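Pasted below: input_2.tsv, TSV, C-alpha atoms.
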chain	number	residue	atom	x	y	z
A	262	MET	CA	96.54	117.58	77.18
A	263	PRO	CA	99.92	115.94	76.43
A	264	ASN	CA	100.12	112.57	74.71
A	265	LEU	CA	100.44	110.10	77.59
A	266	ARG	CA	101.51	107.20	75.39
A	267	LYS	CA	105.14	108.30	75.49
A	268	TYR	CA	105.08	108.15	79.31
A	269	ILE	CA	103.13	104.92	79.84
A	270	LYS	CA	105.11	101.79	78.95
A	271	SER	CA	103.16	98.56	78.50
A	272	ASP	CA	106.15	96.39	79.47
A	273	LEU	CA	106.37	97.84	82.99
A	274	THR	CA	104.45	95.36	85.14
A	275	PHE	CA	104.73	93.77	88.56
A	276	GLU	CA	103.05	90.73	90.02
A	277	GLN	CA	100.18	90.89	92.51
A	278	GLY	CA	98.28	88.14	94.33
A	279	PRO	CA	94.55	87.70	94.99
A	280	ILE	CA	94.05	88.71	98.64
A	281	ARG	CA	95.02	91.16	101.36
A	282	PRO	CA	93.72	92.05	104.84
A	283	PRO	CA	91.04	94.79	104.92
A	284	SER	CA	93.46	96.94	106.92
A	285	GLU	CA	95.82	96.93	103.90
A	286	ALA	CA	93.24	98.48	101.53
A	287	ARG	CA	95.54	101.40	100.69
A	288	SER	CA	98.74	99.39	100.56
A	289	LEU	CA	100.71	98.65	97.42
A	290	LEU	CA	100.45	94.90	96.84
A	291	MET	CA	103.64	93.09	95.84
A	292	ARG	CA	103.93	89.34	95.33
A	293	PHE	CA	107.08	87.72	96.75
A	294	THR	CA	105.71	84.14	96.72
A	295	ARG	CA	102.78	82.54	94.92
A	296	ASN	CA	99.89	80.87	96.73
A	297	CYS	CA	100.24	78.97	100.04
A	298	PRO	CA	102.99	76.50	101.01
A	299	TRP	CA	100.67	74.66	103.43
A	300	ASN	CA	97.32	74.87	101.63
A	301	LYS	CA	95.59	72.22	103.79
A	302	CYS	CA	93.38	74.32	106.10
A	303	THR	CA	89.89	72.95	105.61
A	304	PHE	CA	88.13	76.29	106.20
A	305	CYS	CA	90.10	78.09	103.45
A	306	PRO	CA	89.15	77.75	99.76
A	307	ILE	CA	91.50	80.37	98.36
A	308	TYR	CA	94.56	78.53	97.03
A	309	LYS	CA	93.18	75.01	96.67
A	310	GLY	CA	94.47	73.27	93.54
A	311	GLN	CA	97.26	75.82	93.06
A	312	LYS	CA	100.93	75.01	93.46
A	313	PHE	CA	103.10	77.04	95.82
A	314	LEU	CA	106.01	78.76	94.08
A	315	ARG	CA	108.88	80.84	95.37
A	316	ARG	CA	109.79	83.85	93.26
A	317	SER	CA	113.50	84.48	92.90
A	318	VAL	CA	115.28	87.51	94.32
A	319	LYS	CA	115.97	88.55	90.73
A	320	GLU	CA	112.26	88.45	89.82
A	321	ILE	CA	111.24	90.44	92.88
A	322	LYS	CA	113.94	93.06	92.28
A	323	ARG	CA	112.75	93.41	88.68
A	324	ASP	CA	109.25	94.16	89.97
A	325	ILE	CA	110.67	96.76	92.37
A	326	ASP	CA	112.64	98.35	89.52
A	327	ASN	CA	109.49	98.51	87.40
A	328	ILE	CA	107.51	100.17	90.18
A	329	SER	CA	110.32	102.69	90.64
A	330	GLU	CA	110.26	103.48	86.92
A	331	ILE	CA	106.47	103.80	86.93
A	332	ILE	CA	106.78	106.34	89.76
A	333	ASP	CA	109.28	108.33	87.68
A	334	ASP	CA	106.92	108.22	84.68
A	335	ILE	CA	104.02	109.46	86.81
A	336	LYS	CA	106.16	112.41	87.92
A	337	CYS	CA	106.88	113.17	84.26
A	338	ILE	CA	103.15	113.08	83.48
A	339	SER	CA	102.55	115.51	86.35
A	340	LEU	CA	105.23	117.86	85.03
A	341	ALA	CA	103.77	117.68	81.52
A	342	LEU	CA	100.38	118.62	82.95
A	343	GLY	CA	101.86	121.62	84.74
A	344	GLU	CA	101.49	120.13	88.22
A	345	GLY	CA	105.17	120.33	89.14
A	346	GLY	CA	105.69	116.59	89.63
A	347	ARG	CA	103.03	116.39	92.34
A	348	LEU	CA	100.32	113.74	92.19
A	349	THR	CA	97.26	115.97	92.42
A	350	ARG	CA	93.66	114.83	92.03
A	351	ASP	CA	93.67	116.08	88.42
A	352	VAL	CA	96.77	114.03	87.61
A	353	LEU	CA	95.20	110.97	89.23
A	354	LYS	CA	91.98	111.40	87.22
A	355	ILE	CA	93.90	111.58	83.95
A	356	ILE	CA	95.99	108.50	84.73
A	357	TRP	CA	92.88	106.61	85.81
A	358	SER	CA	91.23	107.48	82.50
A	359	GLN	CA	93.86	105.24	80.85
A	360	THR	CA	91.91	102.00	81.29
A	361	SER	CA	94.64	99.82	79.79
A	362	ALA	CA	97.33	101.17	82.13
A	363	TYR	CA	96.49	98.99	85.15
A	364	TYR	CA	99.92	99.15	86.81
A	365	TYR	CA	100.22	102.91	86.41
A	366	ARG	CA	96.71	103.34	87.83
A	367	THR	CA	97.57	101.11	90.79
A	368	VAL	CA	100.79	102.94	91.65
A	369	ALA	CA	99.21	106.36	91.08
A	370	LEU	CA	96.41	105.58	93.52
A	371	TRP	CA	98.95	104.35	96.07
A	372	LEU	CA	101.00	107.54	95.69
A	373	TYR	CA	97.87	109.67	95.92
A	374	TYR	CA	96.91	108.16	99.29
A	375	GLY	CA	100.42	109.02	100.43
A	376	GLU	CA	100.53	106.48	103.24
A	377	GLY	CA	103.57	104.59	101.96
A	378	ASN	CA	102.36	101.12	102.97
A	379	VAL	CA	103.41	97.98	101.10
A	380	PHE	CA	101.81	94.56	101.63
A	381	ILE	CA	103.84	91.49	100.68
A	382	GLN	CA	101.90	88.60	99.17
A	383	ASP	CA	100.88	85.75	99.11
A	384	ALA	CA	99.92	83.66	102.14
A	385	ASN	CA	103.32	83.11	103.77
A	386	SER	CA	106.21	84.99	102.19
A	387	LEU	CA	108.25	84.68	105.38
A	388	ILE	CA	108.97	81.13	104.26
A	389	MET	CA	111.65	82.71	102.05
A	390	PRO	CA	115.20	82.28	103.36
A	391	THR	CA	115.78	85.14	105.78
A	392	SER	CA	118.83	86.38	103.86
A	393	ASP	CA	116.81	86.59	100.62
A	394	LEU	CA	113.92	88.39	102.28
A	395	VAL	CA	116.27	90.85	103.99
A	396	GLU	CA	117.92	91.56	100.63
A	397	VAL	CA	114.67	92.36	98.81
A	398	LEU	CA	113.28	94.38	101.72
A	399	ARG	CA	116.37	96.58	101.76
A	400	TYR	CA	116.23	96.92	97.99
A	401	LEU	CA	112.57	97.94	98.19
A	402	LYS	CA	113.34	100.66	100.74
A	403	GLU	CA	116.30	101.86	98.68
A	404	LYS	CA	114.49	102.05	95.33
A	405	ILE	CA	111.17	103.44	96.61
A	406	PRO	CA	112.02	106.01	99.31
A	407	GLY	CA	108.35	106.76	100.09
A	408	VAL	CA	107.84	103.34	101.67
A	409	ARG	CA	107.06	103.76	105.38
A	410	ARG	CA	105.51	100.44	106.38
A	411	ILE	CA	105.98	96.91	105.02
A	412	THR	CA	103.65	94.14	106.12
A	413	SER	CA	103.10	90.47	105.36
A	414	TYR	CA	101.04	87.41	106.19
A	415	ALA	CA	102.95	84.64	107.99
A	416	ARG	CA	102.26	81.23	109.46
A	417	SER	CA	103.08	80.54	113.10
A	418	SER	CA	104.81	77.31	112.12
A	419	THR	CA	107.13	79.25	109.81
A	420	LEU	CA	107.97	81.91	112.38
A	421	SER	CA	108.56	79.30	115.08
A	422	ARG	CA	111.36	77.87	112.90
A	423	LYS	CA	113.10	81.23	112.65
A	424	THR	CA	115.34	82.46	115.44
A	425	LEU	CA	114.64	85.69	117.28
A	426	GLU	CA	117.77	87.10	115.66
A	427	GLU	CA	116.37	86.34	112.19
A	428	VAL	CA	113.07	88.07	112.99
A	429	LYS	CA	115.02	91.07	114.30
A	430	GLU	CA	116.96	91.13	111.01
A	431	LEU	CA	113.66	91.36	109.14
A	432	LYS	CA	112.60	94.23	111.38
A	433	GLU	CA	115.87	96.07	110.73
A	434	ALA	CA	115.47	95.50	106.98
A	435	GLY	CA	112.08	97.21	107.02
A	436	LEU	CA	109.39	94.66	107.91
A	437	THR	CA	107.09	96.49	110.30
A	438	ARG	CA	103.91	94.42	110.64
A	439	ILE	CA	103.03	90.72	110.48
A	440	HIS	CA	99.53	89.28	110.10
A	441	ILE	CA	99.17	85.76	111.55
A	442	GLY	CA	96.12	83.55	111.07
A	443	LEU	CA	95.89	82.20	114.59
A	444	GLU	CA	92.26	81.06	114.04
A	445	SER	CA	92.18	79.08	117.31
A	446	GLY	CA	94.24	78.35	120.41
A	447	SER	CA	92.67	74.92	120.82
A	448	ASP	CA	94.88	72.05	119.69
A	449	ASN	CA	91.76	69.96	119.05
A	450	VAL	CA	90.31	72.59	116.73
A	451	LEU	CA	93.66	73.24	115.02
A	452	LYS	CA	94.08	69.52	114.35
A	453	PHE	CA	90.50	69.07	113.11
A	454	VAL	CA	90.78	71.90	110.54
A	455	LYS	CA	94.33	70.81	109.54
A	456	LYS	CA	95.90	74.13	110.45
A	457	GLY	CA	99.35	72.57	110.66
A	458	THR	CA	100.38	74.23	113.88
A	459	THR	CA	99.79	74.07	117.64
A	460	ALA	CA	98.91	76.43	120.46
A	461	ALA	CA	102.54	76.25	121.64
A	462	LYS	CA	103.83	77.28	118.20
A	463	HIS	CA	101.29	80.11	118.08
A	464	ILE	CA	102.66	81.42	121.37
A	465	ASP	CA	106.30	80.98	120.35
A	466	ALA	CA	105.78	82.78	117.04
A	467	GLY	CA	103.71	85.61	118.48
A	468	VAL	CA	106.07	86.30	121.37
A	469	LYS	CA	109.02	86.25	118.96
A	470	VAL	CA	107.41	88.85	116.69
A	471	ARG	CA	106.62	91.11	119.64
A	472	GLU	CA	110.14	90.78	121.08
A	473	ALA	CA	111.58	91.71	117.70
A	474	GLY	CA	109.62	94.97	117.79
A	475	ILE	CA	107.35	94.12	114.85
A	476	THR	CA	103.66	95.06	115.06
A	477	LEU	CA	101.56	91.91	115.31
A	478	SER	CA	97.99	91.27	114.13
A	479	GLU	CA	96.49	87.93	115.18
A	480	TYR	CA	93.36	86.71	113.37
A	481	VAL	CA	90.76	84.75	115.32
A	482	MET	CA	87.93	82.76	113.70
A	483	PRO	CA	84.82	82.67	115.91
A	484	GLY	CA	82.71	79.61	115.18
A	485	LEU	CA	85.62	77.42	114.08
A	486	GLY	CA	85.13	75.04	117.00
A	487	GLY	CA	81.56	74.30	115.97
A	488	LYS	CA	79.11	72.93	118.53
A	489	ARG	CA	81.61	70.32	119.74
A	490	TRP	CA	84.43	72.62	120.78
A	491	TRP	CA	82.93	76.13	120.94
A	492	GLU	CA	83.73	76.65	124.62
A	493	GLU	CA	87.23	75.17	124.40
A	494	HIS	CA	87.85	77.24	121.27
A	495	ALA	CA	86.93	80.47	123.08
A	496	LEU	CA	88.85	79.74	126.28
A	497	GLU	CA	92.01	78.32	124.71
A	498	THR	CA	92.20	81.07	122.10
A	499	ALA	CA	91.98	83.65	124.89
A	500	ARG	CA	94.67	81.80	126.86
A	501	VAL	CA	97.07	81.83	123.90
A	502	LEU	CA	96.47	85.53	123.20
A	503	ASN	CA	96.94	86.38	126.87
A	504	GLU	CA	100.43	84.86	126.53
A	505	ILE	CA	101.21	86.77	123.32
A	506	ASN	CA	99.60	90.18	123.96
A	507	PRO	CA	99.52	91.09	120.24
A	508	ASP	CA	99.03	94.65	119.04
A	509	PHE	CA	95.81	93.70	117.25
A	510	ILE	CA	93.26	90.90	117.56
A	511	ARG	CA	91.08	90.75	114.44
A	512	LEU	CA	87.86	88.74	114.37
A	513	ARG	CA	86.93	86.86	111.18
A	514	SER	CA	83.81	84.80	111.87
A	515	LEU	CA	83.62	81.43	110.14
A	516	ARG	CA	81.73	81.10	106.87
A	517	ILE	CA	81.75	77.78	105.02
A	518	PRO	CA	81.57	78.16	101.23
A	519	PRO	CA	80.98	74.97	99.20
A	520	THR	CA	84.52	75.30	97.80
A	521	ALA	CA	86.11	74.86	101.26
A	522	PRO	CA	86.95	71.28	102.34
A	523	LEU	CA	85.21	71.99	105.67
A	524	TYR	CA	81.94	72.09	103.73
A	525	GLN	CA	82.16	68.33	103.24
A	526	ASP	CA	82.57	67.90	107.00
A	527	PHE	CA	79.45	70.02	107.42
A	528	VAL	CA	77.47	67.97	104.87
A	529	SER	CA	78.57	64.68	106.44
A	530	GLY	CA	77.73	65.84	109.95
A	531	ARG	CA	81.33	65.73	111.20
A	532	PHE	CA	81.16	69.48	111.78
A	533	GLU	CA	78.10	71.21	113.24
A	534	PRO	CA	78.29	74.98	112.76
A	535	LEU	CA	77.04	77.45	115.33
A	536	SER	CA	74.12	79.76	114.71
A	537	ASP	CA	74.73	83.52	114.59
A	538	ASP	CA	73.56	83.91	118.18
A	539	GLU	CA	75.77	81.04	119.35
A	540	VAL	CA	78.79	82.66	117.68
A	541	VAL	CA	78.00	85.91	119.48
A	542	ARG	CA	77.87	84.05	122.81
A	543	GLU	CA	81.20	82.41	121.99
A	544	ILE	CA	82.75	85.81	121.26
A	545	ARG	CA	81.43	87.05	124.60
A	546	LEU	CA	83.16	84.22	126.45
A	547	PHE	CA	86.33	84.84	124.45
A	548	ILE	CA	86.44	88.56	125.24
A	549	LYS	CA	85.55	87.98	128.88
A	550	SER	CA	88.51	85.56	129.14
A	551	LEU	CA	91.09	88.00	127.74
A	552	GLU	CA	93.14	89.25	130.69
A	553	GLY	CA	96.36	91.18	131.26
A	554	ILE	CA	96.72	92.40	127.68
A	555	THR	CA	96.84	95.79	125.97
A	556	SER	CA	95.70	94.59	122.54
A	557	THR	CA	93.21	96.38	120.30
A	558	LEU	CA	90.37	94.13	119.14
A	559	THR	CA	88.61	94.85	115.86
A	560	SER	CA	85.71	93.29	113.96
A	561	ASP	CA	86.74	94.99	110.72
A	562	HIS	CA	85.11	92.65	108.22
A	563	ILE	CA	81.54	92.50	106.95
A	564	ILE	CA	81.28	88.78	107.73
A	565	ASN	CA	81.21	89.67	111.44
A	566	LEU	CA	77.67	90.12	112.75
A	567	LEU	CA	78.60	92.83	115.27
A	568	GLU	CA	81.08	95.16	113.61
A	569	GLU	CA	80.93	97.58	116.53
A	570	VAL	CA	82.56	95.08	118.91
A	571	GLU	CA	85.93	96.81	119.02
A	572	GLY	CA	88.19	98.52	121.48
A	573	THR	CA	91.45	98.37	123.41
A	574	PHE	CA	92.10	96.26	126.49
A	575	PRO	CA	91.67	96.67	129.36
A	576	GLN	CA	89.77	99.97	129.23
A	577	ASP	CA	87.20	99.03	126.56
A	578	LYS	CA	86.49	95.47	127.64
A	579	GLU	CA	83.18	96.24	129.38
A	580	LYS	CA	82.08	98.41	126.47
A	581	MET	CA	82.61	95.50	124.06
A	582	LEU	CA	80.74	93.10	126.32
A	583	SER	CA	77.87	95.59	126.62
A	584	VAL	CA	77.45	95.70	122.82
A	585	ILE	CA	77.20	91.91	122.79
A	586	ASP	CA	74.73	91.87	125.69
A	587	ARG	CA	72.63	94.53	124.00
A	588	TYR	CA	72.27	92.30	120.94
A	589	LEU	CA	71.63	89.12	122.93
A	590	ASN	CA	68.92	90.86	124.98
A	591	LEU	CA	66.96	91.99	121.91
A	592	PRO	CA	63.58	90.34	121.29
A	593	GLU	CA	63.83	87.49	118.78
A	594	ARG	CA	62.19	89.44	115.96
A	595	GLU	CA	64.57	92.38	116.52
A	596	LYS	CA	67.55	90.04	116.29
A	597	LEU	CA	66.13	88.52	113.11
A	598	LEU	CA	65.58	91.98	111.65
A	599	TYR	CA	69.14	93.04	112.51
A	600	ARG	CA	70.64	89.84	111.09
A	601	LEU	CA	68.70	90.28	107.84
A	602	GLY	CA	69.90	93.87	107.54
A	603	ARG	CA	73.49	93.08	108.47
A	604	ARG	CA	73.80	90.07	106.17
A	605	GLY	CA	72.14	92.03	103.40
A	606	GLY	CA	74.69	94.83	103.77
A	607	THR	CA	72.15	97.42	104.98
A	608	LEU	CA	73.14	97.75	108.65
A	609	ARG	CA	76.53	98.36	110.25
A	610	CYS	CA	75.55	98.74	113.89
A	611	LEU	CA	72.64	98.10	116.23
A	612	ASP	CA	71.64	101.77	116.26
A	613	ASP	CA	70.97	101.54	112.51
A	614	LEU	CA	67.75	99.73	113.46
A	615	LYS	CA	66.52	103.11	114.74
A	616	ASP	CA	66.67	104.60	111.23
A	617	PRO	CA	62.98	104.73	110.20
A	618	VAL	CA	63.67	104.39	106.47
A	619	LEU	CA	66.01	101.41	106.85
A	620	ARG	CA	63.74	99.80	109.40
A	621	ASP	CA	60.67	100.14	107.19
A	622	LYS	CA	62.49	98.45	104.30
A	623	LEU	CA	63.69	95.62	106.53
A	624	GLU	CA	60.25	95.14	108.07
A	625	THR	CA	58.75	94.89	104.59
A	626	ALA	CA	61.41	92.41	103.46
A	627	LEU	CA	61.02	90.26	106.58
A	628	ASN	CA	57.23	90.26	106.27
A	629	ASP	CA	57.50	89.21	102.62
A	630	LEU	CA	59.92	86.41	103.49
A	631	SER	CA	57.76	85.25	106.39
A	632	ARG	CA	54.78	85.04	104.07
A	633	GLU	CA	56.50	83.48	101.04
A	634	ALA	CA	59.16	81.27	102.63
A	635	PRO	CA	58.58	80.97	106.38
A	636	GLU	CA	60.75	77.85	106.64
A	637	GLY	CA	63.59	79.31	104.60
A	638	ILE	CA	64.38	82.60	106.35
A	639	GLU	CA	67.46	81.23	108.11
A	640	GLN	CA	68.78	79.77	104.86
A	641	ILE	CA	68.25	83.08	103.06
A	642	ILE	CA	70.09	85.00	105.79
A	643	ASP	CA	72.91	82.45	105.65
A	644	GLU	CA	73.18	82.78	101.87
A	645	LEU	CA	73.28	86.56	102.18
A	646	GLY	CA	76.23	86.21	104.58
A	647	ASN	CA	78.10	83.93	102.20
A	648	GLN	CA	78.17	86.58	99.47
A	649	TYR	CA	81.02	88.35	101.28
A	650	ILE	CA	83.44	85.42	101.36

Same coordinates, now as structure tokens:
Amino acid sequence: MPNLRKYIKSDLTFEQGPIRPPSEARSLLMRFTRNCPWNKCTFCPIYKGQKFLRRSVKEIKRDIDNISEIIDDIKCISLALGEGGRLTRDVLKIIWSQTSAYYYRTVALWLYYGEGNVFIQDANSLIMPTSDLVEVLRYLKEKIPGVRRITSYARSSTLSRKTLEEVKELKEAGLTRIHIGLESGSDNVLKFVKKGTTAAKHIDAGVKVREAGITLSEYVMPGLGGKRWWEEHALETARVLNEINPDFIRLRSLRIPPTAPLYQDFVSGRFEPLSDDEVVREIRLFIKSLEGITSTLTSDHIINLLEEVEGTFPQDKEKMLSVIDRYLNLPEREKLLYRLGRRGGTLRCLDDLKDPVLRDKLETALNDLSREAPEGIEQIIDELGNQYI
């Protein structure tokens, strides 16, 4: 095997942030800005205590240059291994055996998947001046020809300040998908959790993205209205999304870790969270109220109790409601068994309860808990759910 040290350069690095959407699992992560410029949402613990920083065009271009050079080096490694410059499984295995070569491993895995997706970090890189963002997007496409899709998080309040012409410029420069944390369409809920936007701005931003021809994912947070606003949260969120008709609606059920400011509202009694079953009923009302759209709804995160609630409107609406009704109509012990299995990472769908091996393990675990901590089962299930935050 050739000596890889002459191909792997320790000074070739590029900056990456801490999070991405699950749908961007195979994307190359590139950091254009650091942390979150708003950073006041009470349900979010991620960037608290960290200052927002804009990276310069020069810094971002340097990262792009480094990635381009890493790609060239990987091709040289492939040639040296007799693979003709192709990133085969054998080439990938050898590069991944270089434990100190993190950036080469990252780029090699991205190339191996061959999907060409890039995700721009952190929480709201569209806050960059449009001209700067257009410049680096074009540079990225120029220097890395294999890039097919470029996506980013964005805040509605930021997009509402940009003109439609600016958003179209971003589309023409290569931005193909935007992920917006809508969370709720209720102004009361948005104000309570300090989201820093309004239902009207959500609609303005979403419609603008769609008119520009950019794929739009809107994230909804079931449970965010708590007991006080659960119905308003469901109905108003549906109303806003009916106006936008996004490409994707992604459910991210509320969890409240102790590090989130909302936890203090929970402790003080200002916020009363819904139970799992109450969240499911809220989701049912939300889905039932979605009308006149062609969006695809997904529950693609393990924090959602019913992962199989997914489909495209209008044709799959009744199918999604039937999954919810099937769960709600289960006997109480069956629901408890499913929740224990789901929160423990054992079950992915209701039919998994029919697996005799899984069911036997869950029955044993539930019986043990009922005997040893009958008053603490709900707390244990809740703690199991929090492990995925």

Please report as CSV every residue of segment 489-608 of chain A lying within 8 Å of segment 637-645 of chain A, along with the nearest atom pair and their distance in Å (one decimal), using all atoms listed in the file.
residue,atom,partner,partner_atom,distance
A:Arg600,CA,A:Ile642,CA,7.2
A:Leu601,CA,A:Ile642,CA,5.8
A:Arg604,CA,A:Leu645,CA,5.3
A:Gly605,CA,A:Leu645,CA,5.7

Leaving out segment 304-320 of chain A and any residue of its chain fewer than 4 positions from it, which residues lie within 8 Å of it when counting all atoms listed in the file, given as a list of chain:residue names?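 Answer for this query is A:Phe293, A:Thr294, A:Arg295, A:Asn296, A:Cys297, A:Pro298, A:Asn300, A:Asp324, A:Met389, A:Asp393, A:Glu396, A:Val397, A:Val454, A:Leu515, A:Ile517, A:Pro518, A:Thr520, A:Ala521, A:Pro522, A:Leu523, A:Tyr524.
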
Using atom CA of Gly457 of chain A and atom CA of Ile650 of chain A as the two end points, give the distance in Å to one decimal. 22.5 Å

Please compute the atom CA of Ser631 of chain A-atom CA of Arg516 of chain A distance, one decimal, in Å.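 One can read the atom CA of Ser631 of chain A to atom CA of Arg516 of chain A distance as 24.3 Å.
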
All residues 7 Å or closer to Asn506 of chain A, only C-alpha atoms, same chain fewer than 6 positions away omitted, as a VMD selection string: chain A and resid 554 to 556

Could you give me, as a list in words, the residues within 9 Å of segment 471-474 of chain A, counting only C-alpha atoms and dropping anything in the same chain fewer than 3 positions from it?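 Close residues of segment 471-474 of chain A: Leu425, Glu426, Val428, Lys429, Glu430, Leu431, Lys432, Thr437, Ala466, Gly467, Val468, Leu477, Ile505, Asn506, Pro507 and Asp508 of chain A.
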
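Taking atom CA of Phe547 of chain A and atom CA of Ile563 of chain A as endpoints, the distance between them is 19.7 Å.
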
Let me make sure I understand: among A:Arg281, A:Arg347, A:His562, A:Arg545, which one has the smallest atom-to-atom distance to Trp491 of chain A if we use all atoms listed in the file? A:Arg545

Residues within 9 Å of Glu479 of chain A, only C-alpha atoms, excluding chain neighbours under 5 positions, as a PyMOL selection string: chain A and resi 439-444+467+502+507-512

Counting all atoms listed in the file, which residue out of A:Glu376, A:Glu427, A:Asp526, A:Asp448 sits closest to Thr498 of chain A? A:Asp448

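Look at Leu289 of chain A: the protein and nucleic acid residues within 7 Å of it, using all atoms listed in the file and passing over chain neighbours fewer than 3 places away, are Trp371, Asn378, Val379 and Phe380 of chain A.
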
Smallest atom-to-atom distance to Glu330 of chain A: which of A:Thr274, A:Thr625, A:Thr458, A:Asn449, using all atoms listed in the file?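 Residue with the minimum atom-to-atom distance to Glu330 of chain A: A:Thr274.
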
Counting only C-alpha atoms, figure out which residue out of A:Gly572, A:Ala495, A:Ala286, A:Leu558 gets nearest to Glu539 of chain A.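 Under the stated criterion, the closest residue is A:Ala495.
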
Between A:Ser392, A:Asp272, A:Leu401, A:Pro617, single out the one closest to Lys322 of chain A, counting all atoms listed in the file. A:Leu401

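Between Ser560 of chain A and the residues A:Arg513, A:Ile411, A:Leu387, A:Thr349, the shortest atom-to-atom distance, using only C-alpha atoms, involves A:Arg513.
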
Kindly write N, CA and C atoms of segment 512-531 of chain A from the structure just given to a file, as a JSON list (two decimals), in the first residue's frame.
[["chain", "number", "residue", "atom", "x", "y", "z"],
["A", 512, "LEU", "N", -42.41, 17.23, 11.17],
["A", 512, "LEU", "CA", -42.81, 17.29, 12.58],
["A", 512, "LEU", "C", -41.62, 17.04, 13.49],
["A", 513, "ARG", "N", -41.49, 17.90, 14.51],
["A", 513, "ARG", "CA", -40.44, 17.76, 15.53],
["A", 513, "ARG", "C", -41.10, 18.00, 16.89],
["A", 514, "SER", "N", -41.63, 16.95, 17.49],
["A", 514, "SER", "CA", -42.38, 17.11, 18.73],
["A", 514, "SER", "C", -41.52, 17.72, 19.83],
["A", 515, "LEU", "N", -42.14, 18.54, 20.65],
["A", 515, "LEU", "CA", -41.44, 19.26, 21.72],
["A", 515, "LEU", "C", -40.87, 18.31, 22.76],
["A", 516, "ARG", "N", -39.60, 18.51, 23.09],
["A", 516, "ARG", "CA", -38.98, 17.94, 24.28],
["A", 516, "ARG", "C", -38.37, 19.12, 25.03],
["A", 517, "ILE", "N", -38.35, 19.06, 26.35],
["A", 517, "ILE", "CA", -37.86, 20.20, 27.13],
["A", 517, "ILE", "C", -36.68, 19.77, 27.99],
["A", 518, "PRO", "N", -35.46, 19.86, 27.46],
["A", 518, "PRO", "CA", -34.29, 19.52, 28.27],
["A", 518, "PRO", "C", -34.05, 20.60, 29.33],
["A", 519, "PRO", "N", -33.41, 20.26, 30.44],
["A", 519, "PRO", "CA", -33.14, 21.25, 31.50],
["A", 519, "PRO", "C", -32.32, 22.44, 31.03],
["A", 520, "THR", "N", -31.59, 22.28, 29.93],
["A", 520, "THR", "CA", -30.75, 23.37, 29.42],
["A", 520, "THR", "C", -31.52, 24.39, 28.59],
["A", 521, "ALA", "N", -32.79, 24.10, 28.27],
["A", 521, "ALA", "CA", -33.61, 25.04, 27.50],
["A", 521, "ALA", "C", -34.31, 26.01, 28.46],
["A", 522, "PRO", "N", -34.35, 27.30, 28.14],
["A", 522, "PRO", "CA", -35.05, 28.27, 29.00],
["A", 522, "PRO", "C", -36.50, 27.89, 29.28],
["A", 523, "LEU", "N", -37.15, 27.20, 28.34],
["A", 523, "LEU", "CA", -38.55, 26.80, 28.54],
["A", 523, "LEU", "C", -38.69, 25.87, 29.75],
["A", 524, "TYR", "N", -37.62, 25.20, 30.12],
["A", 524, "TYR", "CA", -37.66, 24.30, 31.28],
["A", 524, "TYR", "C", -38.01, 25.07, 32.55],
["A", 525, "GLN", "N", -37.51, 26.29, 32.66],
["A", 525, "GLN", "CA", -37.84, 27.11, 33.83],
["A", 525, "GLN", "C", -39.31, 27.50, 33.85],
["A", 526, "ASP", "N", -39.88, 27.72, 32.66],
["A", 526, "ASP", "CA", -41.33, 27.98, 32.58],
["A", 526, "ASP", "C", -42.12, 26.75, 33.00],
["A", 527, "PHE", "N", -41.59, 25.58, 32.66],
["A", 527, "PHE", "CA", -42.23, 24.32, 33.06],
["A", 527, "PHE", "C", -42.16, 24.15, 34.58],
["A", 528, "VAL", "N", -40.99, 24.39, 35.16],
["A", 528, "VAL", "CA", -40.80, 24.22, 36.61],
["A", 528, "VAL", "C", -41.68, 25.20, 37.39],
["A", 529, "SER", "N", -41.79, 26.43, 36.87],
["A", 529, "SER", "CA", -42.56, 27.46, 37.57],
["A", 529, "SER", "C", -44.07, 27.31, 37.38],
["A", 530, "GLY", "N", -44.47, 26.48, 36.43],
["A", 530, "GLY", "CA", -45.89, 26.30, 36.16],
["A", 530, "GLY", "C", -46.43, 27.22, 35.08],
["A", 531, "ARG", "N", -45.58, 28.08, 34.52],
["A", 531, "ARG", "CA", -46.03, 28.98, 33.44],
["A", 531, "ARG", "C", -46.33, 28.20, 32.16]]
